[in-house]
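Enquirer: As input, take run-v4.cif (mmCIF, C-alpha atoms):
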data_final
loop_
_atom_site.group_PDB
_atom_site.id
_atom_site.type_symbol
_atom_site.label_atom_id
_atom_site.label_comp_id
_atom_site.auth_asym_id
_atom_site.auth_seq_id
_atom_site.Cartn_x
_atom_site.Cartn_y
_atom_site.Cartn_z
ATOM 1 C CA MET A 12 -50.658 1.524 -23.810
ATOM 2 C CA ASN A 13 -52.231 0.658 -27.188
ATOM 3 C CA VAL A 14 -50.439 -2.345 -28.687
ATOM 4 C CA TYR A 15 -51.878 -2.013 -32.210
ATOM 5 C CA PRO A 16 -49.539 0.738 -33.471
ATOM 6 C CA PHE A 17 -46.646 -1.475 -32.380
ATOM 7 C CA ILE A 18 -48.074 -4.401 -34.373
ATOM 8 C CA GLU A 19 -48.479 -2.170 -37.415
ATOM 9 C CA VAL A 20 -44.812 -1.167 -37.130
ATOM 10 C CA GLU A 21 -43.868 -4.822 -36.922
ATOM 11 C CA ARG A 22 -45.805 -5.518 -40.117
ATOM 12 C CA ALA A 23 -44.409 -2.476 -41.928
ATOM 13 C CA GLU A 24 -40.831 -3.561 -41.129
ATOM 14 C CA ARG A 25 -41.731 -7.126 -42.122
ATOM 15 C CA ARG A 26 -40.955 -8.551 -38.685
ATOM 16 C CA ASN A 27 -42.745 -11.753 -37.756
ATOM 17 C CA VAL A 28 -43.926 -11.661 -34.134
ATOM 18 C CA LYS A 29 -45.143 -15.250 -34.293
ATOM 19 C CA ARG A 30 -41.778 -16.561 -35.509
ATOM 20 C CA ALA A 31 -39.850 -14.463 -32.985
ATOM 21 C CA CYS A 32 -41.961 -15.792 -30.117
ATOM 22 C CA ALA A 33 -41.455 -19.345 -31.349
ATOM 23 C CA LEU A 34 -37.672 -18.889 -31.486
ATOM 24 C CA LEU A 35 -37.605 -17.392 -27.982
ATOM 25 C CA LYS A 36 -40.055 -20.015 -26.696
ATOM 26 C CA VAL A 37 -42.534 -17.506 -25.299
ATOM 27 C CA SER A 38 -46.229 -17.173 -26.041
ATOM 28 C CA ARG A 39 -47.546 -14.275 -28.056
ATOM 29 C CA ALA A 40 -49.868 -13.453 -25.146
ATOM 30 C CA ALA A 41 -46.844 -13.031 -22.895
ATOM 31 C CA PHE A 42 -45.167 -10.851 -25.522
ATOM 32 C CA TYR A 43 -48.153 -8.520 -25.816
ATOM 33 C CA SER A 44 -48.454 -8.380 -22.043
ATOM 34 C CA TRP A 45 -44.803 -7.339 -21.799
ATOM 35 C CA VAL A 46 -45.316 -4.644 -24.475
ATOM 36 C CA GLN A 47 -48.110 -3.067 -22.451
ATOM 37 C CA HIS A 48 -46.173 -3.279 -19.144
ATOM 38 C CA LEU A 49 -45.368 -0.001 -17.358
ATOM 39 C CA PRO A 50 -42.659 0.292 -14.661
ATOM 40 C CA SER A 51 -44.032 0.461 -11.136
ATOM 41 C CA ARG A 52 -43.755 3.556 -9.006
ATOM 42 C CA ARG A 53 -41.037 1.821 -6.968
ATOM 43 C CA CYS A 54 -38.996 1.036 -10.091
ATOM 44 C CA ARG A 55 -39.240 4.614 -11.286
ATOM 45 C CA ALA A 56 -38.164 5.868 -7.864
ATOM 46 C CA ASP A 57 -35.202 3.454 -7.868
ATOM 47 C CA GLU A 58 -34.157 4.737 -11.281
ATOM 48 C CA ARG A 59 -34.151 8.338 -10.061
ATOM 49 C CA LEU A 60 -32.260 7.368 -6.897
ATOM 50 C CA LEU A 61 -29.733 5.396 -8.946
ATOM 51 C CA GLN A 62 -28.898 8.510 -10.939
ATOM 52 C CA LYS A 63 -28.192 10.406 -7.725
ATOM 53 C CA ILE A 64 -26.112 7.514 -6.372
ATOM 54 C CA SER A 65 -24.067 7.467 -9.572
ATOM 55 C CA SER A 66 -23.508 11.217 -9.341
ATOM 56 C CA VAL A 67 -22.258 11.027 -5.733
ATOM 57 C CA HIS A 68 -20.036 8.052 -6.545
ATOM 58 C CA ARG A 69 -18.596 9.856 -9.574
ATOM 59 C CA ASP A 70 -17.921 13.022 -7.553
ATOM 60 C CA SER A 71 -15.968 10.934 -5.037
ATOM 61 C CA LYS A 72 -13.726 9.711 -7.894
ATOM 62 C CA GLY A 73 -15.115 6.237 -7.468
ATOM 63 C CA THR A 74 -14.045 5.858 -3.835
ATOM 64 C CA TYR A 75 -17.329 5.948 -1.896
ATOM 65 C CA GLY A 76 -19.070 2.766 -0.818
ATOM 66 C CA SER A 77 -22.713 2.571 0.222
ATOM 67 C CA PRO A 78 -22.256 4.038 3.763
ATOM 68 C CA ARG A 79 -20.615 7.228 2.461
ATOM 69 C CA VAL A 80 -22.984 7.483 -0.489
ATOM 70 C CA HIS A 81 -25.893 7.236 1.958
ATOM 71 C CA ALA A 82 -24.396 9.921 4.193
ATOM 72 C CA GLN A 83 -23.832 12.293 1.259
ATOM 73 C CA LEU A 84 -27.351 11.774 -0.077
ATOM 74 C CA ARG A 85 -28.804 12.542 3.350
ATOM 75 C CA THR A 86 -26.691 15.702 3.449
ATOM 76 C CA ASN A 87 -28.160 16.577 0.060
ATOM 77 C CA GLY A 88 -31.670 16.178 1.496
ATOM 78 C CA GLU A 89 -32.455 12.765 -0.018
ATOM 79 C CA VAL A 90 -34.486 10.523 2.310
ATOM 80 C CA CYS A 91 -33.535 6.888 1.689
ATOM 81 C CA GLY A 92 -32.384 3.789 3.536
ATOM 82 C CA LYS A 93 -28.869 2.372 3.694
ATOM 83 C CA ASN A 94 -29.976 -1.094 2.599
ATOM 84 C CA ARG A 95 -31.753 0.282 -0.434
ATOM 85 C CA ILE A 96 -28.656 2.161 -1.555
ATOM 86 C CA ALA A 97 -26.476 -0.888 -0.961
ATOM 87 C CA ARG A 98 -28.862 -3.015 -3.035
ATOM 88 C CA LEU A 99 -28.942 -0.574 -5.950
ATOM 89 C CA MET A 100 -25.171 -0.226 -5.942
ATOM 90 C CA GLN A 101 -24.655 -3.976 -5.853
ATOM 91 C CA VAL A 102 -27.158 -4.712 -8.628
ATOM 92 C CA ASN A 103 -25.641 -2.041 -10.861
ATOM 93 C CA GLY A 104 -21.994 -2.847 -10.162
ATOM 94 C CA ILE A 105 -21.147 0.385 -8.346
ATOM 95 C CA VAL A 106 -18.395 -0.277 -5.813
ATOM 96 C CA GLY A 107 -16.151 1.870 -3.641
ATOM 97 C CA ARG A 108 -12.459 1.565 -2.878
ATOM 98 C CA ALA A 109 -11.497 -0.524 0.158
ATOM 99 C CA PRO A 110 -8.137 -0.443 1.952
ATOM 100 C CA ARG A 111 -5.764 -3.268 1.181
ATOM 101 C CA ARG A 112 -5.736 -6.074 3.681
ATOM 102 C CA PHE A 113 -3.456 -5.286 6.604
ATOM 103 C CA LYS A 114 -0.614 -7.687 7.200
ATOM 104 C CA ARG A 115 0.847 -7.432 10.670
ATOM 105 C CA THR A 116 4.637 -7.670 10.783
ATOM 106 C CA THR A 117 5.363 -6.266 14.248
ATOM 107 C CA VAL A 118 4.775 -8.778 17.031
ATOM 108 C CA PRO A 119 5.893 -7.126 20.317
ATOM 109 C CA GLY A 120 8.724 -8.842 22.109
ATOM 110 C CA ALA A 121 8.575 -9.461 25.837
ATOM 111 C CA GLY A 122 11.051 -7.979 28.256
ATOM 112 C CA ALA A 123 12.738 -5.464 25.921
ATOM 113 C CA SER A 124 15.001 -3.249 28.050
ATOM 114 C CA ALA A 125 16.319 -0.768 25.453
ATOM 115 C CA VAL A 126 14.791 2.713 25.245
ATOM 116 C CA ASP A 127 14.282 5.213 22.432
ATOM 117 C CA LEU A 128 17.591 7.026 21.971
ATOM 118 C CA VAL A 129 16.608 8.773 18.734
ATOM 119 C CA LYS A 130 13.498 10.741 19.822
ATOM 120 C CA ARG A 131 12.424 11.197 16.188
ATOM 121 C CA VAL A 132 15.503 13.293 15.374
ATOM 122 C CA PHE A 133 15.846 12.187 11.751
ATOM 123 C CA GLY A 134 16.543 15.482 10.004
ATOM 124 C CA PRO A 135 19.493 15.997 7.653
ATOM 125 C CA GLY A 136 22.698 17.101 9.334
ATOM 126 C CA THR A 137 21.617 15.855 12.759
ATOM 127 C CA VAL A 138 23.804 12.760 12.628
ATOM 128 C CA GLU A 139 26.886 11.589 10.733
ATOM 129 C CA VAL A 140 27.073 8.674 8.330
ATOM 130 C CA ASN A 141 27.541 5.277 10.054
ATOM 131 C CA ARG A 142 26.441 6.649 13.452
ATOM 132 C CA LEU A 143 22.707 5.814 13.346
ATOM 133 C CA TRP A 144 21.028 2.963 11.477
ATOM 134 C CA CYS A 145 17.391 1.914 11.537
ATOM 135 C CA GLY A 146 15.712 -1.340 10.568
ATOM 136 C CA ASP A 147 12.253 -2.704 9.859
ATOM 137 C CA ILE A 148 10.364 -5.504 8.075
ATOM 138 C CA SER A 149 7.753 -5.237 5.333
ATOM 139 C CA PHE A 150 5.976 -7.690 3.046
ATOM 140 C CA ILE A 151 5.227 -8.156 -0.638
ATOM 141 C CA ARG A 152 2.325 -10.269 -1.870
ATOM 142 C CA THR A 153 3.196 -12.723 -4.658
ATOM 143 C CA TRP A 154 1.136 -15.462 -6.287
ATOM 144 C CA GLU A 155 3.325 -17.967 -4.435
ATOM 145 C CA GLY A 156 2.708 -16.323 -1.036
ATOM 146 C CA TRP A 157 4.281 -13.570 1.059
ATOM 147 C CA LEU A 158 7.825 -12.344 0.507
ATOM 148 C CA TYR A 159 9.295 -10.549 3.528
ATOM 149 C CA LEU A 160 11.909 -7.803 3.233
ATOM 150 C CA ALA A 161 14.123 -6.580 6.075
ATOM 151 C CA THR A 162 16.206 -3.451 5.579
ATOM 152 C CA VAL A 163 18.926 -1.517 7.378
ATOM 153 C CA ILE A 164 19.048 2.196 6.524
ATOM 154 C CA ASP A 165 21.723 4.755 7.330
ATOM 155 C CA VAL A 166 19.616 7.575 8.742
ATOM 156 C CA ALA A 167 22.131 10.278 7.751
ATOM 157 C CA SER A 168 22.159 9.446 4.031
ATOM 158 C CA ARG A 169 18.937 7.406 3.712
ATOM 159 C CA ARG A 170 21.010 4.709 1.995
ATOM 160 C CA ILE A 171 19.907 1.067 2.224
ATOM 161 C CA VAL A 172 23.132 -0.380 3.619
ATOM 162 C CA GLY A 173 21.782 -3.880 4.258
ATOM 163 C CA TRP A 174 18.780 -5.952 3.253
ATOM 164 C CA ALA A 175 17.512 -9.509 3.220
ATOM 165 C CA MET A 176 14.479 -11.289 1.742
ATOM 166 C CA ALA A 177 12.840 -14.588 2.702
ATOM 167 C CA ASP A 178 9.492 -16.363 2.872
ATOM 168 C CA HIS A 179 9.459 -16.089 6.687
ATOM 169 C CA MET A 180 9.758 -13.470 9.444
ATOM 170 C CA ARG A 181 12.125 -15.282 11.776
ATOM 171 C CA THR A 182 14.991 -13.514 13.536
ATOM 172 C CA GLU A 183 17.512 -14.705 10.961
ATOM 173 C CA LEU A 184 15.843 -12.420 8.396
ATOM 174 C CA VAL A 185 16.712 -9.218 10.284
ATOM 175 C CA ALA A 186 20.062 -10.675 11.381
ATOM 176 C CA ASP A 187 21.031 -11.334 7.750
ATOM 177 C CA ALA A 188 20.159 -7.740 6.822
ATOM 178 C CA LEU A 189 22.331 -6.392 9.637
ATOM 179 C CA LYS A 190 25.220 -8.722 8.763
ATOM 180 C CA MET A 191 25.174 -7.438 5.184
ATOM 181 C CA ALA A 192 25.313 -3.857 6.446
ATOM 182 C CA LEU A 193 28.225 -4.656 8.793
ATOM 183 C CA ASP A 194 30.195 -6.364 6.018
ATOM 184 C CA ARG A 195 29.657 -3.438 3.672
ATOM 185 C CA ARG A 196 30.211 -0.514 6.029
ATOM 186 C CA ARG A 197 32.375 -1.814 8.905
ATOM 187 C CA PRO A 198 31.284 0.936 11.349
ATOM 188 C CA GLY A 199 33.228 1.806 14.469
ATOM 189 C CA PRO A 200 32.047 1.158 18.044
ATOM 190 C CA GLY A 201 29.100 3.151 19.349
ATOM 191 C CA LEU A 202 26.825 2.852 16.319
ATOM 192 C CA ILE A 203 23.132 3.116 17.307
ATOM 193 C CA PHE A 204 20.682 0.673 15.732
ATOM 194 C CA HIS A 205 17.040 1.796 15.987
ATOM 195 C CA SER A 206 13.961 -0.342 15.311
ATOM 196 C CA ASP A 207 10.458 -1.074 16.529
ATOM 197 C CA ARG A 208 9.813 -3.506 19.371
ATOM 198 C CA GLY A 209 9.139 -6.510 17.149
ATOM 199 C CA CYS A 210 10.100 -9.858 18.617
ATOM 200 C CA GLN A 211 12.779 -10.306 15.938
ATOM 201 C CA TYR A 212 14.644 -7.194 17.134
ATOM 202 C CA THR A 213 14.281 -7.979 20.845
ATOM 203 C CA SER A 214 15.282 -11.636 20.585
ATOM 204 C CA GLN A 215 18.397 -12.968 22.312
ATOM 205 C CA GLU A 216 19.951 -13.896 18.961
ATOM 206 C CA PHE A 217 19.666 -10.367 17.587
ATOM 207 C CA THR A 218 20.698 -8.527 20.746
ATOM 208 C CA ALA A 219 23.736 -10.819 20.986
ATOM 209 C CA LEU A 220 24.657 -9.857 17.410
ATOM 210 C CA LEU A 221 24.465 -6.191 18.418
ATOM 211 C CA ASP A 222 26.623 -6.782 21.496
ATOM 212 C CA ARG A 223 29.316 -8.655 19.548
ATOM 213 C CA ASN A 224 29.654 -5.690 17.195
ATOM 214 C CA LYS A 225 29.491 -3.054 19.975
ATOM 215 C CA ILE A 226 26.254 -1.593 18.645
ATOM 216 C CA VAL A 227 23.898 0.278 20.971
ATOM 217 C CA GLN A 228 20.252 -0.711 20.621
ATOM 218 C CA SER A 229 17.408 1.844 20.488
ATOM 219 C CA LEU A 230 13.733 0.834 20.383
ATOM 220 C CA SER A 231 10.651 2.830 19.432
ATOM 221 C CA ARG A 232 8.037 3.466 22.053
ATOM 222 C CA PRO A 233 5.164 0.950 22.073
ATOM 223 C CA GLY A 234 2.573 1.659 19.380
ATOM 224 C CA GLN A 235 4.451 4.661 17.935
ATOM 225 C CA CYS A 236 5.162 3.876 14.282
ATOM 226 C CA TRP A 237 6.458 7.398 13.628
ATOM 227 C CA ASP A 238 9.357 6.710 15.973
ATOM 228 C CA ASN A 239 10.752 4.689 13.072
ATOM 229 C CA ALA A 240 9.632 7.088 10.357
ATOM 230 C CA VAL A 241 12.692 6.708 8.094
ATOM 231 C CA ALA A 242 12.116 2.968 7.673
ATOM 232 C CA GLU A 243 8.366 3.454 7.215
ATOM 233 C CA SER A 244 9.009 6.127 4.579
ATOM 234 C CA PHE A 245 11.244 3.827 2.537
ATOM 235 C CA PHE A 246 8.675 1.029 2.490
ATOM 236 C CA ALA A 247 5.964 3.480 1.445
ATOM 237 C CA THR A 248 8.165 4.616 -1.446
ATOM 238 C CA LEU A 249 9.008 1.047 -2.460
ATOM 239 C CA LYS A 250 5.359 0.002 -2.572
ATOM 240 C CA CYS A 251 4.112 3.138 -4.316
ATOM 241 C CA GLU A 252 6.832 3.257 -6.970
ATOM 242 C CA LEU A 253 7.333 -0.469 -7.561
ATOM 243 C CA VAL A 254 5.313 -3.101 -5.698
ATOM 244 C CA HIS A 255 1.773 -1.822 -6.247
ATOM 245 C CA ARG A 256 2.349 -1.094 -9.924
ATOM 246 C CA HIS A 257 2.909 -4.719 -10.947
ATOM 247 C CA ALA A 258 1.724 -8.244 -10.312
ATOM 248 C CA TRP A 259 4.281 -10.665 -8.875
ATOM 249 C CA PRO A 260 3.758 -14.256 -10.055
ATOM 250 C CA THR A 261 6.836 -15.585 -8.224
ATOM 251 C CA ARG A 262 9.036 -14.625 -5.318
ATOM 252 C CA VAL A 263 12.068 -14.836 -7.620
ATOM 253 C CA ARG A 264 10.689 -12.099 -9.866
ATOM 254 C CA ALA A 265 9.841 -9.898 -6.879
ATOM 255 C CA ARG A 266 13.331 -10.431 -5.406
ATOM 256 C CA SER A 267 14.978 -9.436 -8.671
ATOM 257 C CA ALA A 268 12.871 -6.288 -9.057
ATOM 258 C CA ILE A 269 13.432 -5.201 -5.435
ATOM 259 C CA PHE A 270 17.191 -5.796 -5.755
ATOM 260 C CA GLU A 271 17.298 -3.585 -8.847
ATOM 261 C CA PHE A 272 15.131 -0.918 -7.195
ATOM 262 C CA ILE A 273 17.374 -0.704 -4.134
ATOM 263 C CA GLU A 274 20.825 -1.050 -5.650
ATOM 264 C CA ALA A 275 20.415 0.497 -9.098
ATOM 265 C CA TRP A 276 17.798 3.158 -8.427
ATOM 266 C CA TYR A 277 17.117 4.059 -4.796
ATOM 267 C CA ASN A 278 20.694 4.166 -3.482
ATOM 268 C CA ARG A 279 22.387 5.539 -6.589
ATOM 269 C CA SER A 280 19.943 7.720 -8.506
ATOM 270 C CA ARG A 281 16.680 8.555 -6.730
ATOM 271 C CA LEU A 282 16.617 12.135 -5.465
ATOM 272 C CA HIS A 283 15.549 12.688 -1.860
ATOM 273 C CA SER A 284 13.984 15.946 -0.771
ATOM 274 C CA SER A 285 15.316 15.413 2.766
ATOM 275 C CA LEU A 286 18.867 15.335 1.332
ATOM 276 C CA GLY A 287 18.488 18.542 -0.654
ATOM 277 C CA TYR A 288 17.463 16.522 -3.719
ATOM 278 C CA LEU A 289 20.602 14.393 -3.774
ATOM 279 C CA SER A 290 20.728 10.617 -4.063
ATOM 280 C CA PRO A 291 22.076 8.745 -1.018
ATOM 281 C CA SER A 292 25.237 7.927 -2.946
ATOM 282 C CA ASP A 293 25.832 11.551 -3.959
ATOM 283 C CA TYR A 294 25.062 12.764 -0.445
ATOM 284 C CA GLU A 295 27.653 10.442 1.081
ATOM 285 C CA ARG A 296 30.191 11.427 -1.573
ATOM 286 C CA ARG A 297 29.635 15.103 -0.843
ATOM 287 C CA GLN A 298 29.881 14.529 2.901
ATOM 288 C CA SER A 299 33.189 12.679 2.509
ATOM 289 C CA ILE A 300 34.570 15.575 0.451
ATOM 290 C CA LEU A 301 33.432 18.077 3.071
ATOM 291 C CA ASP A 302 34.987 16.001 5.866
ATOM 292 C CA PHE A 303 38.270 15.752 3.958
ATOM 293 C CA THR A 304 38.295 19.522 3.309
ATOM 294 C CA THR A 305 37.634 20.232 6.987
ATOM 295 C CA GLU A 306 40.495 17.982 8.062
ATOM 296 C CA GLU A 307 42.854 19.615 5.571
ATOM 297 C CA ALA A 308 41.899 23.098 6.831
ATOM 298 C CA ALA A 309 42.491 22.019 10.428
#
Take the structure in the file and write it out as structure tokens.
Expert:
Amino acid sequence: MNVYPFIEVERAERRNVKRACALLKVSRAAFYSWVQHLPSRRCRADERLLQKISSVHRDSKGTYGSPRVHAQLRTNGEVCGKNRIARLMQVNGIVGRAPRRFKRTTVPGAGASAVDLVKRVFGPGTVEVNRLWCGDISFIRTWEGWLYLATVIDVASRRIVGWAMADHMRTELVADALKMALDRRRPGPGLIFHSDRGCQYTSQEFTALLDRNKIVQSLSRPGQCWDNAVAESFFATLKCELVHRHAWPTRVRARSAIFEFIEAWYNRSRLHSSLGYLSPSDYERRQSILDFTTEEAA
């Protein structure tokens, strides 16, 4: 590359190369060497590959990391190494989406004797209100640490009938949730309580609480999360519609927001497709009217 036209441009625009080099603390020889520099063949190849990487990443809606980008480029006929792609993505700030860190809340209890009495029969109309409850524990990340939430759900109406929050996962957390539900609903004998096989639900303290209130225990099969699908579905809704949309500086703020979500929105107003697009409150009200009408007709 001929440097003299560049120097003439500098002079025509009244730019002072000598002063600029002095301010930047570089020699004029280094400046002229840089002007004449041409990218290497490797650099030019990296630039072309980077464009293809960006295209694949964009087509994946920003979700692909280097392994999937590499696989897609190979499918497209591009011969390149995984480490090279990873390096180019890292240098240019191209990142994929990674799953959130998994927090384990189910620690299997030893010696659980109860069996699965529900058999995944969760559909509407399959059970009456206050005849089948289910419970589970989930977690919310706050800047102060984890906040744990235990719920008790009436499977018939999908209503959260009991809940408790704490900074621990001890048995008293799930016991407090069940006690709230018992105080609110006062069910008759023979109620079934279904949960996973977590040590909180199989502990002596919790099973004794069930026995005192004449509640029959049902436990999911080992490793089968869908056996407790109603509880899992609620937590997925809670996190999608509330938890993952905000930051939680304190546990107090998270508690307040979850309380409002459950009591003011989920139980009273949120429409459920499984209930024919009724809220849990409206579903229970309609069921009580139907029951009363049936009794009157009889």
Enquirer: Atom CA of A:Phe246 to atom CA of A:Leu128: how many Å, to one decimal?
Expert: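 Separation between atom CA of A:Phe246 and atom CA of A:Leu128: 22.2 Å.
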Enquirer: Could you name the residues that touch A:Ser284 at 12 Å or less, counting only C-alpha atoms, but leaving out those on the same chain fewer than 3 positions away, as JSON, numbers by chain?
Expert: {"A": [134, 135, 168, 169, 281, 287, 288, 289, 290, 291, 294]}
Enquirer: Could you take the residues named above and write them with C-alpha atoms, as a PDB file, in the coordinates of the input?
Expert:
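Okay, part-v8.pdb is ready:
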ATOM      1  CA  GLY A 134      16.543  15.482  10.004  1.00  0.00           C
ATOM      2  CA  PRO A 135      19.493  15.997   7.653  1.00  0.00           C
ATOM      3  CA  SER A 168      22.159   9.446   4.031  1.00  0.00           C
ATOM      4  CA  ARG A 169      18.937   7.406   3.712  1.00  0.00           C
ATOM      5  CA  ARG A 281      16.680   8.555  -6.730  1.00  0.00           C
ATOM      6  CA  GLY A 287      18.488  18.542  -0.654  1.00  0.00           C
ATOM      7  CA  TYR A 288      17.463  16.522  -3.719  1.00  0.00           C
ATOM      8  CA  LEU A 289      20.602  14.393  -3.774  1.00  0.00           C
ATOM      9  CA  SER A 290      20.728  10.617  -4.063  1.00  0.00           C
ATOM     10  CA  PRO A 291      22.076   8.745  -1.018  1.00  0.00           C
ATOM     11  CA  TYR A 294      25.062  12.764  -0.445  1.00  0.00           C
TER      12      TYR A 294
END
Enquirer: Take atom CA of A:Ile273 and atom CA of A:Val185 and report the distance between them in Å, one decimal.
Expert: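 These two atoms are separated by 16.8 Å.
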Enquirer: Restricting the calculation to all atoms listed in the file: of A:Glu216, A:Trp157, A:Ser244, A:Ile164, which residue gets closest to A:Met176?
Expert: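 Distance minimum relative to A:Met176 lands on A:Trp157.
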Enquirer: Convert the output of the PyMOL selection byres ((chain A and resi 230-233) around 7) on the shown file into explicit residues, formatted as a VMD selection string.
Expert: chain A and resid 125 to 127 205 to 208 228 to 229 234 to 235 238 to 239
Enquirer: Any chance you could export the current selection's C-alpha atoms as an mmCIF file, in the frame of the given file?
Expert:
data_model
loop_
_atom_site.group_PDB
_atom_site.id
_atom_site.type_symbol
_atom_site.label_atom_id
_atom_site.label_comp_id
_atom_site.auth_asym_id
_atom_site.auth_seq_id
_atom_site.Cartn_x
_atom_site.Cartn_y
_atom_site.Cartn_z
ATOM 1 C CA ALA A 125 16.319 -0.768 25.453
ATOM 2 C CA VAL A 126 14.791 2.713 25.245
ATOM 3 C CA ASP A 127 14.282 5.213 22.432
ATOM 4 C CA HIS A 205 17.040 1.796 15.987
ATOM 5 C CA SER A 206 13.961 -0.342 15.311
ATOM 6 C CA ASP A 207 10.458 -1.074 16.529
ATOM 7 C CA ARG A 208 9.813 -3.506 19.371
ATOM 8 C CA GLN A 228 20.252 -0.711 20.621
ATOM 9 C CA SER A 229 17.408 1.844 20.488
ATOM 10 C CA GLY A 234 2.573 1.659 19.380
ATOM 11 C CA GLN A 235 4.451 4.661 17.935
ATOM 12 C CA ASP A 238 9.357 6.710 15.973
ATOM 13 C CA ASN A 239 10.752 4.689 13.072
#
Enquirer: Can you spell out as number ranges by chain the set of residues that the PyMOL selection byres ((chain A and resi 192) around 12) selects in the structure I just provided?
Expert: A: 141, 144-146, 161-165, 170-175, 185-191, 193-198, 204, 224
Enquirer: Give me a file of those residues, with C-alpha atoms, as a PDB file, keeping the file's coordinate frame.
Expert:
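Written file, part-v4.pdb:
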ATOM      1  CA  ASN A 141      27.541   5.277  10.054  1.00  0.00           C
ATOM      2  CA  TRP A 144      21.028   2.963  11.477  1.00  0.00           C
ATOM      3  CA  CYS A 145      17.391   1.914  11.537  1.00  0.00           C
ATOM      4  CA  GLY A 146      15.712  -1.340  10.568  1.00  0.00           C
ATOM      5  CA  ALA A 161      14.123  -6.580   6.075  1.00  0.00           C
ATOM      6  CA  THR A 162      16.206  -3.451   5.579  1.00  0.00           C
ATOM      7  CA  VAL A 163      18.926  -1.517   7.378  1.00  0.00           C
ATOM      8  CA  ILE A 164      19.048   2.196   6.524  1.00  0.00           C
ATOM      9  CA  ASP A 165      21.723   4.755   7.330  1.00  0.00           C
ATOM     10  CA  ARG A 170      21.010   4.709   1.995  1.00  0.00           C
ATOM     11  CA  ILE A 171      19.907   1.067   2.224  1.00  0.00           C
ATOM     12  CA  VAL A 172      23.132  -0.380   3.619  1.00  0.00           C
ATOM     13  CA  GLY A 173      21.782  -3.880   4.258  1.00  0.00           C
ATOM     14  CA  TRP A 174      18.780  -5.952   3.253  1.00  0.00           C
ATOM     15  CA  ALA A 175      17.512  -9.509   3.220  1.00  0.00           C
ATOM     16  CA  VAL A 185      16.712  -9.218  10.284  1.00  0.00           C
ATOM     17  CA  ALA A 186      20.062 -10.675  11.381  1.00  0.00           C
ATOM     18  CA  ASP A 187      21.031 -11.334   7.750  1.00  0.00           C
ATOM     19  CA  ALA A 188      20.159  -7.740   6.822  1.00  0.00           C
ATOM     20  CA  LEU A 189      22.331  -6.392   9.637  1.00  0.00           C
ATOM     21  CA  LYS A 190      25.220  -8.722   8.763  1.00  0.00           C
ATOM     22  CA  MET A 191      25.174  -7.438   5.184  1.00  0.00           C
ATOM     23  CA  LEU A 193      28.225  -4.656   8.793  1.00  0.00           C
ATOM     24  CA  ASP A 194      30.195  -6.364   6.018  1.00  0.00           C
ATOM     25  CA  ARG A 195      29.657  -3.438   3.672  1.00  0.00           C
ATOM     26  CA  ARG A 196      30.211  -0.514   6.029  1.00  0.00           C
ATOM     27  CA  ARG A 197      32.375  -1.814   8.905  1.00  0.00           C
ATOM     28  CA  PRO A 198      31.284   0.936  11.349  1.00  0.00           C
ATOM     29  CA  PHE A 204      20.682   0.673  15.732  1.00  0.00           C
ATOM     30  CA  ASN A 224      29.654  -5.690  17.195  1.00  0.00           C
TER      31      ASN A 224
END
Enquirer: Please evaluate the PyMOL selection byres ((chain A and resi 50-61) around 9) against the structure above and give the resulting residues as JSON, numbers by chain.
Expert: {"A": [48, 49, 62, 63, 64, 65, 66, 89, 91, 95, 96, 99, 100, 103]}
Enquirer: Please produce an output containing C-alpha atoms for each residue in the selection, written as a compact mmCIF listing (two decimals), in the coordinates of the input.
Expert:
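Output file result36.txt is given in full below:
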# COMPACT_ATOMS: atom_id res chain seq x y z
CA HIS A 48 -46.17 -3.28 -19.14
CA LEU A 49 -45.37 0.00 -17.36
CA GLN A 62 -28.90 8.51 -10.94
CA LYS A 63 -28.19 10.41 -7.72
CA ILE A 64 -26.11 7.51 -6.37
CA SER A 65 -24.07 7.47 -9.57
CA SER A 66 -23.51 11.22 -9.34
CA GLU A 89 -32.46 12.76 -0.02
CA CYS A 91 -33.53 6.89 1.69
CA ARG A 95 -31.75 0.28 -0.43
CA ILE A 96 -28.66 2.16 -1.56
CA LEU A 99 -28.94 -0.57 -5.95
CA MET A 100 -25.17 -0.23 -5.94
CA ASN A 103 -25.64 -2.04 -10.86
Enquirer: Report the distance between atom CA of A:Ser299 and atom CA of A:Arg142 in Å, rounded to one decimal place.
Expert: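 Answer for the atom CA of A:Ser299 to atom CA of A:Arg142 separation: 14.2 Å.
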Enquirer: Between A:Arg296, A:Arg152, A:Arg279, A:Lys250, single out the one closest to A:Arg264, counting all atoms listed in the file.
Expert: A:Arg152
Enquirer: For A:Val227, which residue among A:Phe42, A:Pro200, A:Asp293, A:Ser71 is the nearest when counting all atoms listed in the file?
Expert: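 With all atoms listed in the file as the atom set, the closest residue is A:Pro200.
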Enquirer: Identify which of the residues A:Leu202, A:His257, A:His283, A:Val166 lies closest to A:Val138, counting all atoms listed in the file when measuring atom-to-atom distances.
Expert: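 Distance minimum relative to A:Val138 lands on A:Val166.
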